[in-house]
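Student: Input run36.cif, format and content: mmCIF, C-alpha atoms.
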```
data_model
#
loop_
_atom_site.label_atom_id
_atom_site.label_comp_id
_atom_site.auth_asym_id
_atom_site.auth_seq_id
_atom_site.Cartn_x
_atom_site.Cartn_y
_atom_site.Cartn_z
CA MET P 152 23.08 -3.15 15.20
CA SER P 153 21.96 -6.75 14.83
CA ALA P 154 23.97 -8.98 12.52
CA SER P 155 20.84 -10.06 10.65
CA VAL P 156 19.84 -6.49 9.75
CA LYS P 157 23.43 -5.62 8.80
CA GLU P 158 23.68 -8.66 6.55
CA SER P 159 20.29 -7.88 4.99
CA LEU P 160 21.25 -4.28 4.22
CA GLN P 161 24.54 -5.39 2.67
CA LEU P 162 22.65 -7.79 0.40
CA GLN P 163 20.20 -5.03 -0.52
CA LEU P 164 23.05 -2.74 -1.58
CA LEU P 165 24.49 -5.57 -3.66
CA GLU P 166 21.17 -6.11 -5.41
CA MET P 167 20.74 -2.37 -6.02
CA GLU P 168 24.17 -2.25 -7.66
CA MET P 169 23.09 -5.05 -10.00
CA LEU P 170 19.81 -3.30 -10.80
CA LEU P 171 21.49 0.03 -11.53
CA SER P 172 23.91 -1.71 -13.87
CA MET P 173 21.00 -3.45 -15.63
CA PHE P 174 19.03 -0.18 -15.91
CA PRO P 175 21.68 2.54 -16.33
CA ASN P 176 19.52 5.09 -18.16
CA GLN P 177 18.13 8.05 -16.27
CA GLY P 178 14.56 7.50 -15.10
CA GLU P 179 14.58 3.70 -15.42
CA VAL P 180 15.12 3.29 -11.66
CA LYS P 181 13.46 6.01 -9.60
CA LEU P 182 14.39 6.01 -5.90
CA GLU P 183 11.77 7.37 -3.51
CA ASP P 184 14.64 8.88 -1.50
CA VAL P 185 17.67 9.73 -3.63
CA ASN P 186 19.89 9.53 -0.52
CA ALA P 187 18.63 6.09 0.56
CA LEU P 188 21.65 4.09 -0.61
CA THR P 189 24.13 6.63 0.77
CA ASN P 190 22.39 6.61 4.16
CA ILE P 191 22.51 2.82 4.33
CA LYS P 192 26.22 2.81 3.48
CA ARG P 193 26.85 5.36 6.25
CA TYR P 194 24.81 3.25 8.67
CA LEU P 195 26.83 0.13 7.85
CA GLU P 196 30.08 2.07 8.22
CA GLY P 197 28.98 3.29 11.64
CA THR P 198 28.93 7.01 10.75
CA ARG P 199 25.13 7.14 11.07
CA GLU P 200 23.33 5.91 14.18
CA ALA P 201 19.67 5.96 13.12
CA LEU P 202 18.38 3.08 11.04
CA PRO P 203 17.70 4.51 7.56
CA HIS P 204 14.34 4.35 5.82
CA ASN P 205 13.53 1.32 3.69
CA ILE P 206 14.79 1.35 0.11
CA GLU P 207 11.79 2.19 -2.07
CA PHE P 208 11.93 2.59 -5.83
CA VAL P 209 10.10 2.14 -9.11
CA ILE P 210 11.56 0.37 -12.14
CA THR P 211 9.96 1.06 -15.52
CA LEU P 212 10.05 -2.07 -17.66
CA GLN P 213 9.68 -2.00 -21.43
CA ILE P 214 7.78 -5.07 -22.65
CA GLU P 215 8.53 -5.86 -26.29
CA GLU P 216 5.40 -7.81 -27.20
CA PRO P 217 2.98 -6.17 -26.87
CA LYS P 218 4.66 -2.74 -26.82
CA VAL P 219 3.71 -1.68 -23.29
CA THR P 220 5.37 -0.53 -20.07
CA ILE P 221 5.08 -1.86 -16.52
CA ASP P 222 6.04 0.16 -13.45
CA LEU P 223 7.29 -2.18 -10.75
CA GLN P 224 7.00 -0.55 -7.31
CA VAL P 225 9.44 -2.15 -4.85
CA THR P 226 9.91 -1.72 -1.09
CA MET P 227 12.74 -3.58 0.63
CA PRO P 228 11.98 -4.13 4.35
CA HIS P 229 15.09 -3.83 6.52
CA SER P 230 15.24 -7.62 6.94
CA TYR P 231 14.76 -8.47 3.24
CA PRO P 232 15.76 -10.95 1.79
CA TYR P 233 15.00 -12.88 4.99
CA VAL P 234 11.45 -11.52 4.96
CA ALA P 235 9.15 -11.08 1.98
CA LEU P 236 9.74 -8.30 -0.51
CA GLN P 237 6.93 -5.79 -1.01
CA LEU P 238 6.28 -5.13 -4.68
CA PHE P 239 3.45 -4.24 -7.01
CA GLY P 240 3.29 -4.04 -10.80
CA ARG P 241 1.00 -1.65 -12.61
CA SER P 242 0.44 -0.51 -16.19
CA PRO P 243 -1.96 1.99 -17.81
CA ASP P 244 -2.68 -0.72 -20.39
CA LEU P 245 -4.18 -3.08 -17.79
CA ASP P 246 -7.57 -2.75 -16.14
CA ARG P 247 -7.91 -3.39 -12.42
CA GLN P 248 -8.86 -7.04 -12.77
CA GLN P 249 -5.94 -7.91 -15.05
CA GLN P 250 -3.56 -5.91 -12.87
CA LEU P 251 -4.79 -7.92 -9.89
CA LEU P 252 -4.22 -11.21 -11.71
CA LEU P 253 -0.75 -10.11 -12.82
CA ASN P 254 0.29 -9.32 -9.26
CA GLN P 255 -1.22 -12.54 -7.93
CA GLY P 256 0.87 -14.49 -10.44
CA LEU P 257 4.01 -12.55 -9.55
CA THR P 258 3.42 -13.01 -5.81
CA ALA P 259 2.87 -16.75 -6.25
CA TYR P 260 6.15 -17.01 -8.18
CA LEU P 261 8.13 -15.13 -5.52
CA GLY P 262 6.60 -17.41 -2.89
CA THR P 263 8.77 -20.22 -4.27
CA PHE P 264 11.97 -18.47 -3.14
CA ASP P 265 13.68 -19.44 0.10
CA PRO P 266 14.45 -16.84 2.81
CA GLY P 267 17.81 -15.22 2.05
CA GLU P 268 17.40 -15.32 -1.73
CA LEU P 269 17.45 -12.00 -3.59
CA CYS P 270 14.49 -11.85 -5.94
CA VAL P 271 14.02 -8.40 -7.52
CA CYS P 272 15.93 -9.42 -10.64
CA ALA P 273 13.91 -12.64 -10.79
CA ALA P 274 10.67 -10.65 -10.49
CA ILE P 275 11.74 -8.45 -13.40
CA GLN P 276 12.55 -11.50 -15.50
CA TRP P 277 9.19 -13.07 -14.65
CA LEU P 278 7.34 -9.95 -15.75
CA GLN P 279 9.29 -9.79 -19.00
CA ASP P 280 8.59 -13.47 -19.70
CA ASN P 281 4.98 -13.76 -18.51
CA SER P 282 3.23 -10.38 -18.58
CA ALA P 283 2.24 -10.55 -22.28
CA SER P 284 -0.53 -13.06 -21.57
CA TYR P 285 -2.22 -10.66 -19.14
CA PHE P 286 -2.30 -7.88 -21.73
CA LEU P 287 -3.56 -10.36 -24.33
CA THR P 288 -6.36 -11.46 -21.99
CA ARG P 289 -7.49 -7.86 -21.69
CA LYS P 290 -7.41 -7.44 -25.47
CA LEU P 291 -9.63 -10.47 -25.96
CA SER P 292 -11.93 -9.83 -23.01
CA GLY P 293 -14.36 -7.89 -25.18
CA GLU P 294 -14.96 -10.86 -27.46
CA PRO P 295 -18.08 -12.88 -26.57
CA SER P 296 -17.50 -16.43 -25.40
CA THR P 297 -19.79 -18.83 -23.62
CA GLN P 298 -16.79 -20.76 -22.30
CA VAL P 299 -15.25 -17.95 -20.28
CA LYS P 300 -16.29 -18.03 -16.63
CA PRO P 301 -16.41 -14.76 -14.67
CA VAL P 302 -13.50 -14.29 -12.29
CA LYS P 303 -14.63 -13.83 -8.70
CA ASN P 304 -12.75 -11.37 -6.53
CA THR P 305 -13.13 -10.38 -2.89
CA PHE P 306 -13.96 -6.73 -2.30
CA LEU P 307 -12.78 -5.66 1.15
CA ARG P 308 -13.35 -2.62 3.35
CA MET P 309 -11.17 -2.23 6.45
CA TRP P 310 -11.80 0.18 9.34
CA ILE P 311 -8.51 0.94 11.11
CA TYR P 312 -8.14 2.69 14.48
CA SER P 313 -5.04 4.40 15.81
CA HIS P 314 -4.50 6.27 19.08
CA HIS P 315 -3.40 9.26 17.00
CA ILE P 316 -2.07 10.24 13.58
CA TYR P 317 0.01 13.44 13.67
CA GLN P 318 3.37 13.06 11.94
CA GLN P 319 3.63 14.63 8.51
CA ASP P 320 5.84 11.87 7.09
CA LEU P 321 3.40 9.19 8.26
CA ARG P 322 0.42 11.06 6.81
CA LYS P 323 2.30 11.43 3.52
CA LYS P 324 3.14 7.72 3.47
CA ILE P 325 -0.49 6.71 4.08
CA LEU P 326 -1.75 8.86 1.21
CA GLU P 327 1.01 7.70 -1.15
CA VAL P 328 0.39 4.01 -0.42
CA GLY P 329 -3.37 4.45 -0.86
CA LYS P 330 -3.01 6.13 -4.25
CA ARG P 331 -0.32 3.66 -5.40
CA LEU P 332 -2.48 0.64 -4.64
CA ASP P 333 -5.55 2.18 -6.28
CA VAL P 334 -7.71 1.84 -3.17
CA THR P 335 -10.32 4.33 -1.97
CA GLY P 336 -11.24 5.61 1.47
CA PHE P 337 -9.84 8.22 3.85
CA CYS P 338 -7.38 8.95 6.62
CA MET P 339 -8.70 11.08 9.49
CA THR P 340 -5.72 12.69 11.20
CA GLY P 341 -5.52 13.82 14.82
CA LYS P 342 -6.60 11.96 17.96
CA PRO P 343 -7.94 9.40 17.43
CA GLY P 344 -6.76 8.56 13.93
CA ILE P 345 -9.15 6.61 11.71
CA ILE P 346 -8.39 5.02 8.34
CA CYS P 347 -10.86 3.38 6.00
CA VAL P 348 -9.50 1.54 3.00
CA GLU P 349 -11.58 -0.30 0.41
CA GLY P 350 -10.80 -2.19 -2.78
CA PHE P 351 -9.75 -5.65 -3.85
CA LYS P 352 -8.63 -7.81 -0.91
CA ASP P 353 -5.00 -8.12 -2.07
CA HIS P 354 -4.66 -4.34 -2.38
CA CYS P 355 -6.21 -3.64 1.03
CA GLU P 356 -4.09 -6.25 2.77
CA GLU P 357 -0.94 -4.85 1.15
CA PHE P 358 -1.97 -1.36 2.29
CA TRP P 359 -2.48 -2.64 5.86
CA HIS P 360 0.86 -4.42 5.88
CA THR P 361 2.77 -1.48 4.38
CA ILE P 362 1.52 1.28 6.67
CA ARG P 363 2.13 -0.79 9.82
CA TYR P 364 5.71 -1.69 8.93
CA PRO P 365 8.12 -1.46 10.67
CA ASN P 366 6.99 -0.21 14.10
CA TRP P 367 3.50 1.31 14.22
CA LYS P 368 2.28 -0.37 17.40
CA HIS P 369 -0.81 1.59 18.49
CA ILE P 370 -2.97 0.63 15.53
CA SER P 371 -5.55 -2.08 14.92
CA CYS P 372 -8.13 -3.15 12.37
CA LYS P 373 -11.40 -2.78 14.30
CA HIS P 374 -13.75 -4.04 11.59
CA ALA P 375 -13.67 -5.52 8.09
CA GLU P 376 -16.43 -6.00 5.54
CA SER P 377 -15.99 -8.28 2.53
CA VAL P 378 -18.13 -9.43 -0.38
CA GLU P 379 -17.52 -11.63 -3.41
CA THR P 380 -17.90 -9.87 -6.75
CA GLU P 381 -17.51 -10.81 -10.39
CA GLY P 382 -17.09 -7.22 -11.48
CA ASN P 383 -14.52 -4.53 -10.82
CA GLY P 384 -16.12 -3.59 -7.50
CA GLU P 385 -16.85 0.01 -8.49
CA ASP P 386 -20.49 -0.31 -7.48
CA LEU P 387 -19.43 -1.42 -3.99
CA ARG P 388 -17.26 1.58 -3.20
CA LEU P 389 -18.46 4.14 -0.67
CA PHE P 390 -15.65 6.55 -1.55
CA HIS P 391 -14.41 7.81 -4.91
CA SER P 392 -10.76 8.38 -4.01
CA PHE P 393 -8.31 8.08 -1.12
CA GLU P 394 -8.03 11.40 0.69
CA GLU P 395 -7.05 12.92 4.01
CA LEU P 396 -9.99 13.88 6.22
CA LEU P 397 -9.44 17.05 8.27
CA LEU P 398 -12.05 17.87 10.92
CA GLU P 399 -12.30 20.47 13.66
CA ALA P 400 -10.39 19.68 16.86
CA HIS P 401 -11.25 20.12 20.53
CA GLY P 402 -8.34 21.57 22.50
CA ASP P 403 -4.83 22.53 21.49
CA TYR P 404 -1.92 21.96 23.81
CA GLY P 405 0.87 23.68 21.96
CA LEU P 406 3.84 21.60 20.91
CA ARG P 407 2.21 18.36 22.03
CA ASN P 408 -0.43 18.63 19.31
CA ASP P 409 -2.61 16.65 21.71
CA TYR P 410 -6.04 17.49 20.39
CA HIS P 411 -9.18 15.39 19.99
CA MET P 412 -11.10 15.34 16.73
CA ASN P 413 -14.74 16.43 16.59
CA LEU P 414 -16.48 13.06 16.65
CA GLY P 415 -19.84 14.67 15.96
CA GLN P 416 -18.54 15.89 12.61
CA PHE P 417 -17.06 12.46 11.99
CA LEU P 418 -20.42 10.81 12.66
CA GLU P 419 -22.06 13.10 10.10
CA PHE P 420 -19.33 12.19 7.63
CA LEU P 421 -20.05 8.49 8.19
CA ARG P 422 -23.78 9.05 7.68
CA LYS P 423 -23.15 10.73 4.34
CA HIS P 424 -21.19 7.67 3.27
CA LYS P 425 -23.68 5.08 4.57
CA SER P 426 -21.37 3.92 7.34
CA GLU P 427 -23.02 5.13 10.54
CA HIS P 428 -22.97 1.59 11.96
CA VAL P 429 -19.17 1.71 12.20
CA PHE P 430 -19.21 4.52 14.79
CA GLN P 431 -20.16 2.19 17.64
CA ILE P 432 -17.65 -0.42 16.48
CA LEU P 433 -14.82 2.12 16.50
CA PHE P 434 -15.63 3.96 19.72
CA GLY P 435 -18.06 1.75 21.67
CA ILE P 436 -20.59 4.60 21.63
CA GLU P 437 -24.00 4.18 20.09
CA SER P 438 -24.68 6.97 17.62
CA LYS P 439 -27.75 9.11 18.21
CA SER P 440 -30.23 9.44 15.39
CA SER P 441 -30.09 12.81 13.67
CA GLU P 442 -33.91 12.91 13.96
CA SER P 443 -33.93 12.73 17.80
#
```
Show how you would write the structure in this file as C-alpha cells.
Tutor:
Amino acid sequence: MSASVKESLQLQLLEMEMLLSMFPNQGEVKLEDVNALTNIKRYLEGTREALPHNIEFVITLQIEEPKVTIDLQVTMPHSYPYVALQLFGRSPDLDRQQQLLLNQGLTAYLGTFDPGELCVCAAIQWLQDNSASYFLTRKLSGEPSTQVKPVKNTFLRMWIYSHHIYQQDLRKKILEVGKRLDVTGFCMTGKPGIICVEGFKDHCEEFWHTIRYPNWKHISCKHAESVETEGNGEDLRLFHSFEELLLEAHGDYGLRNDYHMNLGQFLEFLRKHKSEHVFQILFGIESKSSES
C-alpha cells in the first residue's frame, strides 16, 4: 500500500467524520455504499487486502433564502485531496442552464485550493453563501430585457469505444453516472462495448472522467461532435434518455462471456438515430446502404 494512498484515505475518513458531525440527521448524508467507511478503515488496519471502492455520497443542503434544496453529489478518488474532487450540485428548482452555471462557479472556486487541502466543507459553505444568486437569475429570466445577452454553451456528443463491457457493476455505474449528470445516449454492452454520451460539454467530460477512473484501460473516445448553442440543447439531442442497449450476440463461450455483438443490428440502430456516419469511425468499416 503506497504511503500517498494511505495518507489520502486517512484524510478522507477525517473529513467524513467532520461531515457526519455537521449533518447528523438521518438522510442528510447518503452514502452510495453504507460499508464504504468501514471497508476503508479495515484496509488501513491491514485486515482487508483489496483497495475499497471510492467514497461516494450525496449531501442534501437546505438553502434558507430562497427556500430550496441542493443535492451535492461527491466522489472522493483514492488520491483525494492530492487530486481533484469529483462533485456536482443539482436542484429541482434550477433549469439545466442555471445548474451548469452553478457547477461552473463551484468548480472554479475549488480550483483555487492547493493539492492536499480538504475541500468538501468549503464547497458546502460556498453553495450556502453563493447559490441564491443562481436561483434568483432563474426567477428573473422570464422578464424581458434588451441588456441581457444569451449565454453560449457547448453541446458535445462523444462516441466511446471499449474492447468489451460485461461486468454488472461497471454497467450499473455507467447508467448511474449518465442519469446523475443528466446526459443522454446509450451504452451497448458486450464485445465490443460502445457508449454515446451527449449533453453540455462539462457534463459529458465529467461522465468521461468518472467512468474511466480509476483503471479502465481498454477504452477510448473515437469521435466527438460539438456545437455552440444559446439554448438548452434539447433540439440537438439524438437520444431522449440514457439507456443500456442490448443487441443479439454472435457466439457464446460459457463462463468467458466472450461474445460479439450483432453489428448489423447496431448499424440499423445508428441509422434510426441519424448517426450512420459513426459506424466507419468506430470500426473502420464502411457501412453499406440499406437500399443496395
Student: With all atoms listed in the file as the counted atoms, please give the residues lying no more than 12 Å from range 422-431 of chain P, apart from itself and same-chain residues fewer than 6 positions off, as a CSV table (one decimal) with C-alpha atoms, in the frame of the given file.
Tutor:
```
chain,number,residue,atom,x,y,z
P,308,ARG,CA,-13.4,-2.6,3.4
P,309,MET,CA,-11.2,-2.2,6.4
P,310,TRP,CA,-11.8,0.2,9.3
P,311,ILE,CA,-8.5,0.9,11.1
P,312,TYR,CA,-8.1,2.7,14.5
P,336,GLY,CA,-11.2,5.6,1.5
P,337,PHE,CA,-9.8,8.2,3.8
P,345,ILE,CA,-9.2,6.6,11.7
P,346,ILE,CA,-8.4,5.0,8.3
P,347,CYS,CA,-10.9,3.4,6.0
P,373,LYS,CA,-11.4,-2.8,14.3
P,374,HIS,CA,-13.8,-4.0,11.6
P,375,ALA,CA,-13.7,-5.5,8.1
P,376,GLU,CA,-16.4,-6.0,5.5
P,387,LEU,CA,-19.4,-1.4,-4.0
P,388,ARG,CA,-17.3,1.6,-3.2
P,389,LEU,CA,-18.5,4.1,-0.7
P,390,PHE,CA,-15.6,6.6,-1.6
P,391,HIS,CA,-14.4,7.8,-4.9
P,414,LEU,CA,-16.5,13.1,16.6
P,415,GLY,CA,-19.8,14.7,16.0
P,416,GLN,CA,-18.5,15.9,12.6
P,437,GLU,CA,-24.0,4.2,20.1
P,438,SER,CA,-24.7,7.0,17.6
P,439,LYS,CA,-27.8,9.1,18.2
P,440,SER,CA,-30.2,9.4,15.4
P,441,SER,CA,-30.1,12.8,13.7
```
Student: Which protein, DNA or RNA residues are at most 10 Å from (-9.7, 13.0, 15.0) in the file's coordinates when you count only C-alpha atoms, listed as an NGL selection string?
Tutor: :P and (313-317 or 338-345 or 396-401 or 410-414 or 416-417)
Student: For the file shown, what are the residues hit by the PyMOL selection byres ((chain P and resi 210) around 7), laid out as a tab-separated table (two decimals) with C-alpha atoms, in the coordinates of the input?
Tutor:
```tsv
chain	number	residue	atom	x	y	z
P	179	GLU	CA	14.58	3.70	-15.42
P	180	VAL	CA	15.12	3.29	-11.66
P	181	LYS	CA	13.46	6.01	-9.60
P	208	PHE	CA	11.93	2.59	-5.83
P	209	VAL	CA	10.10	2.14	-9.11
P	211	THR	CA	9.96	1.06	-15.52
P	212	LEU	CA	10.05	-2.07	-17.66
P	222	ASP	CA	6.04	0.16	-13.45
P	223	LEU	CA	7.29	-2.18	-10.75
P	224	GLN	CA	7.00	-0.55	-7.31
```
Student: Emit as AutoDock Vina command-line options the padded axis-aligned box for all listed atoms of range 162-175 of chain P, 8 Å per side, with centre and edge lengths in Å to one decimal.
Tutor:
```
--center_x 21.8 --center_y -2.6 --center_z -8.0 --size_x 21.5 --size_y 26.3 --size_z 32.7
```
Student: List the residues sitting within 8 Å of (-3.3, 5.9, 3.5) in the file's frame, using all atoms listed in the file, as a PyMOL selection string.
Tutor: chain P and resi 322-330+337-338+346+348+358+362+393-395
Student: Could you write out the selected residues, including C-alpha atoms, as a PDB file, keeping the file's coordinate frame?
Tutor:
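The resulting selection-v1.pdb:
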```
ATOM      1  CA  ARG P 322       0.420  11.060   6.810  1.00  0.00           C
ATOM      2  CA  LYS P 323       2.300  11.430   3.520  1.00  0.00           C
ATOM      3  CA  LYS P 324       3.140   7.720   3.470  1.00  0.00           C
ATOM      4  CA  ILE P 325      -0.490   6.710   4.080  1.00  0.00           C
ATOM      5  CA  LEU P 326      -1.750   8.860   1.210  1.00  0.00           C
ATOM      6  CA  GLU P 327       1.010   7.700  -1.150  1.00  0.00           C
ATOM      7  CA  VAL P 328       0.390   4.010  -0.420  1.00  0.00           C
ATOM      8  CA  GLY P 329      -3.370   4.450  -0.860  1.00  0.00           C
ATOM      9  CA  LYS P 330      -3.010   6.130  -4.250  1.00  0.00           C
ATOM     10  CA  PHE P 337      -9.840   8.220   3.850  1.00  0.00           C
ATOM     11  CA  CYS P 338      -7.380   8.950   6.620  1.00  0.00           C
ATOM     12  CA  ILE P 346      -8.390   5.020   8.340  1.00  0.00           C
ATOM     13  CA  VAL P 348      -9.500   1.540   3.000  1.00  0.00           C
ATOM     14  CA  PHE P 358      -1.970  -1.360   2.290  1.00  0.00           C
ATOM     15  CA  ILE P 362       1.520   1.280   6.670  1.00  0.00           C
ATOM     16  CA  PHE P 393      -8.310   8.080  -1.120  1.00  0.00           C
ATOM     17  CA  GLU P 394      -8.030  11.400   0.690  1.00  0.00           C
ATOM     18  CA  GLU P 395      -7.050  12.920   4.010  1.00  0.00           C
TER      19      GLU P 395
END
```
Student: State, in Å with one decimal place, the distance from CA of Leu332 in chain P to CA of Thr258 in chain P.
Tutor: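 CA of Thr258 in chain P lies 14.9 Å from CA of Leu332 in chain P.
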Student: If we count only C-alpha atoms and set the cut-off at 12 Å, which residues sit around Cys272 in chain P, ignoring sequence neighbours fewer than 4 positions away in its own chain? Please answer as a list in words.
Tutor: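 Here the qualifying residues turn out to be Gln163, Leu165, Glu166, Met167, Glu168, Met169, Leu170, Leu171, Ser172, Met173, Phe174, Ile210, Leu212, Leu223, Val225, Leu236, Leu261, Glu268, Gln276, Trp277, Leu278 and Gln279 of chain P.
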Student: Calculate how many Å separate CA of Ile221 in chain P from CA of Thr305 in chain P, rounding to one decimal.
Tutor: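 Those two atoms sit 24.3 Å apart.
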